[in-house]
Each structure stands twice: as structure tokens, then as C-alpha cells.
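Working notes for the structure below.
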Amino acid sequence: MTTYETSRTSVEIASQPGTWKRAAESVALFTEVLPRRGERVAVVGCGTSWFMALAYAELREKGGHGETDAFAASEFPHGRAYDRVLALTRSGTTTEVVDLLTELKGTVPTGAVTADPNTPVMSAADAVAVLDFADEQSVVQTRFATTVLALLRAHLEAENALPAGVRSVERAVLDAERALAEPLEPSVREAEQFTFLGTGWTYGLALEAGLKMREAAGAWTEAYPAMEYRHGPISITGPGRVAWLFGPAPRGLADDVARVGGLYAAASGDGDDALDPLADLVRAQRLAVHLAEARGFDPDRPRNLTRSVILGDTHA
């Protein structure tokens with residue numbers, strides 16, 4: 001069985017401070033790909049990339065950069081007008097993304113962020129940013145997704161369009177180093193169920209944390225907007241179960257979790273010592289690897305998954 005120190009997933013998780021820094025330094029190279037201020041933009045992806053699209057859309061719009069929507073590529077609203085469509089795709093081969101970009105070509109400017117320059121997305125999109133330094137061997141996506149979001153955050157930062165309270169990528173890099181160095185709490189490592197919560201842009205991170213835990217470890221996870229948690233989902237929380245919050249806490253949330261006997265985890269709250277929410281996602285990635293190994297799974301090769309979903313000919 002692999003271990004945290006030797007699995008490819010763990011090595012890729014540990015590399016994130018470096019890939020985030022490199023992405024931030026690369027912003028000027030990708031001006032033809034990244035949305036311009038004032039454009040009405042749709043950001044699309046599948047799975048993890050869709051969740052990063054959700055986070056970016058919220059950051060971009062709340063920062064005053066322009067109206068921004070995020071969609072799973074298969075759910076793109078054809079007929080709705082946009083100034084630009086940006087696709088996020090690690091493999092560059094995902095059927096829904098490539099098909100959408102191909103269909104849109106010539107009707108609206110399109111861009112893509114990918115890890116592999118030798119894939120169909122290179123010709124399907126009008127302009128492509130290749131983050132090959134963040135590519136991964138593991139099927140489970142970790143550093144590519146967070147590096148894409150670091151790039152997009154750095155672009156907003158360079159345009160003075162980060163929402164109030166969102167830290168610089170430089171600070172996020174330092175927080176990621178902390179997230180890698182600090183031990184995971186035993187009570188969290190031993191929990192049987194996890195509910196991930198977020199507000200605004202961090203809701204996308206909550207969705208991604210839940211997905212990582214399911215993919216790598218087959219863990220019982222759920223994810224909700226933090227304010228919606230009390231409208232039903234809190235019923236699942238209790239002793240031995242975690243409510244993990246990304247970002248600032250709604251008033252009374254910690255008390256509500258304590259009242260039902262759950263464990264409240266909030267490393268990315270409001271204080272100066274709190275982790276950047278993207279760095280807190282690194283902790284969730286580490287936990288996913290730990291749980292996978294504890295359950296006898298290989299975190300590099302999750303059950304029922306492949307690196308890219310490529311569909312057969314649906315017309316055959």
C-alpha cells in the first residue's frame with residue numbers, strides 16, 4: 001500500500017505552493033486567454049474544473065471585473081450571449097468541453113486553460129494557456145485545479161479586481177506551506193462523515209473538498225452553502241461527524257454544530273492566523289489521501305475513474 005510520503009497524489013499535493021507561485025508569475029503570458037475587464041464571461045468545466053469555475057466566477061464578478069457565470073460544460077445555456085467563454089480542462093480531451101468549444105468556434109471568442117499542449121483543446125479554443133508544470137500523474141486532480149485558480153486570482157489581483165477580504169496569491173502560497181506542515185487533527189482523521197461548507201467563492205472549494213474525499217477514499221461527504229446548512233443538512237451532523245467551513249463563518253454556525261454534537265472545523269475563518277481558503281483545501285486533499293490509505297485504497301488510482309472522460313459516438 002502506498003503512503004502519504006510516497007504516493008504520486010501526495011507528491012503533487014505537496015508541490016502546490018511552487019505551482020501557485022509559478023502561475024502567478026505567468027499571468028502576463030496569457031493575456032489573450034484571460035477575460036478582459038468588463039466582458040460578460042461564461043466559465044465552463046467538468047467535475048473539479050467546474051468547481052474551480054464556480055469559485056472564479058464569484059471572485060471575478062464580486063471584484064467588479066464583469067458579469068460572470070459558471071456552468072458544467074454539458075449544461076452550457078446555448079443562446080445566451082457572452083463576450084467570452086473560458087474552459088478549464090486538465091486533460092484537454094474531455095468530450096463535453098471539446099465539443100462545446102468546437103460548436104462555439106467563430107461565434108464568440110473562446111479560451112482554455114489546460115495542462116497538456118498535445119490535445120484537441122489546442123485547436124478547439126481560440127487561445128490556450130498551458131500550465132504543463134502543474135500537470136499530474138495521479139487520476140485524482142489536485143494541483144492542476146488549484147493552480148488554475150491561483151492563476152485566475154493573480155490575474156484579478158493584477159487588475160486590482162480581487163474582492164475585499166481575499167488575500168493575495170503570495171499570501172495563499174505561504175498559507176499552503178503551513179497547510180502542508182501542520183498535522184491533521186486526530187478527531188478529523190477519525191471522523192465517519194464530513195459536511196463541507198462555503199460562502200461566495202468558497203462554496204466551489206467546499207464542493208471540491210467533498211469530491212476529493214469521495215474520489216480518493218470513498219468517504220461519506222456532502223457540501224452546501226454555509227447558510228443553507230441549517231435548513232436541513234445539519235440533521236446529518238452529530239458525534240464523530242465533521243462540519244468543515246471554508247471562509248468566514250455565518251453568525252452562530254459554530255454553536256449550532258456544537259449543539260448537535262458535531263466537530264466544527266474552520267481553519268479559514270476571519271482572523272489573521274486563519275488559512276487562506278485555497279490553502280485550507282490543501283488540508284482536505286491531505287485528509288483524502290490519509291483516509292484512502294487507512295481504508296486500503298490507492299489514492300493514485302481511485303475506483304471507477306480515469307484521467308479524462310471521453311465519450312463514445314452517441315450517434316452510433
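Ordering of the C-alpha cells sets the chain letters (A, B, ...); residue numbers start at 1 within each chain; ligands are numbered from 1 in the order shown.
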Practice task
Excluding Ala179 (chain A) and residues on its chain fewer than 5 positions from it, collect all residues at most 7 Å away from it, counting only C-alpha atoms, and give them as number ranges by chain.
Solution key: A: 279-280, 282-283
Can you build me a table of region 15-93 of chain A residues sitting at most 12 Å from region 160-172 of chain A, with the closest atom pair per residue and its distance in Å to one decimal, using only C-alpha atoms, sorted by chain and residue number, as a Markdown table?
| residue | atom | partner | partner_atom | distance |
| --- | --- | --- | --- | --- |
| A:Gln16 | CA | A:Ala172 | CA | 10.4 |
| A:Pro17 | CA | A:Ala172 | CA | 8.2 |
| A:Gly18 | CA | A:Glu170 | CA | 10.7 |
| A:Thr19 | CA | A:Val169 | CA | 11.2 |
| A:Trp20 | CA | A:Val169 | CA | 7.5 |
| A:Lys21 | CA | A:Glu170 | CA | 7.0 |
| A:Arg22 | CA | A:Val169 | CA | 10.5 |
| A:Ala23 | CA | A:Val169 | CA | 9.5 |
| A:Ala24 | CA | A:Val169 | CA | 7.1 |
| A:Glu25 | CA | A:Val169 | CA | 10.2 |
| A:Val27 | CA | A:Val169 | CA | 11.9 |
| A:Arg36 | CA | A:Ala161 | CA | 11.3 |
| A:Arg37 | CA | A:Ala161 | CA | 8.9 |
| A:Gly38 | CA | A:Ala161 | CA | 11.1 |
| A:Tyr56 | CA | A:Leu162 | CA | 10.4 |
| A:Ala57 | CA | A:Leu162 | CA | 11.6 |
| A:Glu58 | CA | A:Pro163 | CA | 9.2 |
| A:Leu59 | CA | A:Pro163 | CA | 6.4 |
| A:Arg60 | CA | A:Ala161 | CA | 7.2 |
| A:Glu61 | CA | A:Pro163 | CA | 8.6 |
| A:Lys62 | CA | A:Pro163 | CA | 5.7 |
| A:Gly63 | CA | A:Pro163 | CA | 4.2 |
| A:Gly64 | CA | A:Ala161 | CA | 6.2 |
| A:His65 | CA | A:Ala161 | CA | 6.0 |
| A:Gly66 | CA | A:Ala161 | CA | 9.7 |
Practice task
Compile the contact shell of region 257-267 of chain A as a list in words: residues with an atom at most 7 Å away, counting only C-alpha atoms, same-chain residues fewer than 5 positions apart removed.
Solution key: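 Near region 257-267 of chain A, the qualifying residues are Thr237, Gly238, Pro239, Gly240, Arg241, Val242, Ala243, Trp244, Leu245, Phe246, Ala274, Leu275 and Asp280 of chain A.
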The selected residues should be written to file as an mmCIF file, in the first residue's frame (atoms: N, CA and C atoms).
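Okay, part28.cif is ready:
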data_model
loop_
_atom_site.group_PDB
_atom_site.id
_atom_site.type_symbol
_atom_site.label_atom_id
_atom_site.label_comp_id
_atom_site.auth_asym_id
_atom_site.auth_seq_id
_atom_site.Cartn_x
_atom_site.Cartn_y
_atom_site.Cartn_z
ATOM 1 N N THR A 237 -25.381 15.890 10.992
ATOM 2 C CA THR A 237 -24.229 16.115 11.861
ATOM 3 C C THR A 237 -24.495 15.590 13.264
ATOM 4 N N GLY A 238 -23.431 15.057 13.873
ATOM 5 C CA GLY A 238 -23.531 14.536 15.230
ATOM 6 C C GLY A 238 -22.158 14.090 15.692
ATOM 7 N N PRO A 239 -22.070 13.383 16.797
ATOM 8 C CA PRO A 239 -20.772 12.902 17.288
ATOM 9 C C PRO A 239 -20.057 12.076 16.216
ATOM 10 N N GLY A 240 -18.758 12.339 16.062
ATOM 11 C CA GLY A 240 -17.974 11.618 15.080
ATOM 12 C C GLY A 240 -18.140 12.119 13.663
ATOM 13 N N ARG A 241 -18.821 13.253 13.493
ATOM 14 C CA ARG A 241 -19.056 13.820 12.170
ATOM 15 C C ARG A 241 -18.619 15.283 12.133
ATOM 16 N N VAL A 242 -18.071 15.689 11.006
ATOM 17 C CA VAL A 242 -17.403 16.985 10.897
ATOM 18 C C VAL A 242 -18.209 17.946 10.030
ATOM 19 N N ALA A 243 -18.292 19.201 10.470
ATOM 20 C CA ALA A 243 -18.752 20.311 9.626
ATOM 21 C C ALA A 243 -17.533 21.196 9.379
ATOM 22 N N TRP A 244 -17.063 21.217 8.158
ATOM 23 C CA TRP A 244 -15.798 21.879 7.789
ATOM 24 C C TRP A 244 -16.136 23.103 6.956
ATOM 25 N N LEU A 245 -15.763 24.263 7.451
ATOM 26 C CA LEU A 245 -16.112 25.524 6.803
ATOM 27 C C LEU A 245 -14.917 26.130 6.100
ATOM 28 N N PHE A 246 -15.126 26.550 4.849
ATOM 29 C CA PHE A 246 -14.132 27.329 4.111
ATOM 30 C C PHE A 246 -14.573 28.789 4.122
ATOM 31 N N ALA A 274 -5.820 32.680 10.329
ATOM 32 C CA ALA A 274 -6.582 31.678 9.578
ATOM 33 C C ALA A 274 -5.934 31.433 8.222
ATOM 34 N N LEU A 275 -6.070 30.225 7.736
ATOM 35 C CA LEU A 275 -5.535 29.885 6.425
ATOM 36 C C LEU A 275 -6.375 30.494 5.310
ATOM 37 N N ASP A 280 -6.615 25.949 2.735
ATOM 38 C CA ASP A 280 -7.388 25.007 3.546
ATOM 39 C C ASP A 280 -7.834 23.813 2.716
#
Problem - helix (DSSP H, G or I) positions in region 93-132 of chain A, given as number ranges by chain - result: A: 95-104, 121-124, 132
Taking a cut-off of 8 Å and counting only C-alpha atoms, can you build a table that, for each residue of region 18-124 of chain A near region 130-142 of chain A, reports the nearest atom pair and how far apart they are in Å (one decimal), sorted by chain then residue number, as a Markdown table?
| residue | atom | partner | partner_atom | distance |
| --- | --- | --- | --- | --- |
| A:Thr19 | CA | A:Ala134 | CA | 6.1 |
| A:Ala23 | CA | A:Leu131 | CA | 7.7 |
| A:Thr48 | CA | A:Gln141 | CA | 7.2 |
| A:Arg90 | CA | A:Asp135 | CA | 7.3 |
| A:Val113 | CA | A:Val130 | CA | 6.0 |
| A:Thr114 | CA | A:Val130 | CA | 5.1 |
| A:Ala115 | CA | A:Asp132 | CA | 4.4 |
| A:Asp116 | CA | A:Asp132 | CA | 5.9 |
| A:Pro117 | CA | A:Val130 | CA | 6.3 |
Practice task
Write out as a ChimeraX atom specification each polymer residue whose atoms come within 10 Å of Leu197 (chain A), counting only C-alpha atoms; drop sequence neighbours fewer than 3 positions from it.
Solution key: /A:194,202-207,209-210,222-229,243-247,249,266
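Take the candidates A:Leu174, A:Ala284, A:Ala154, A:Leu54 and check each one against Phe196 (chain A) using only C-alpha atoms; the shortest distance goes to A:Ala284.
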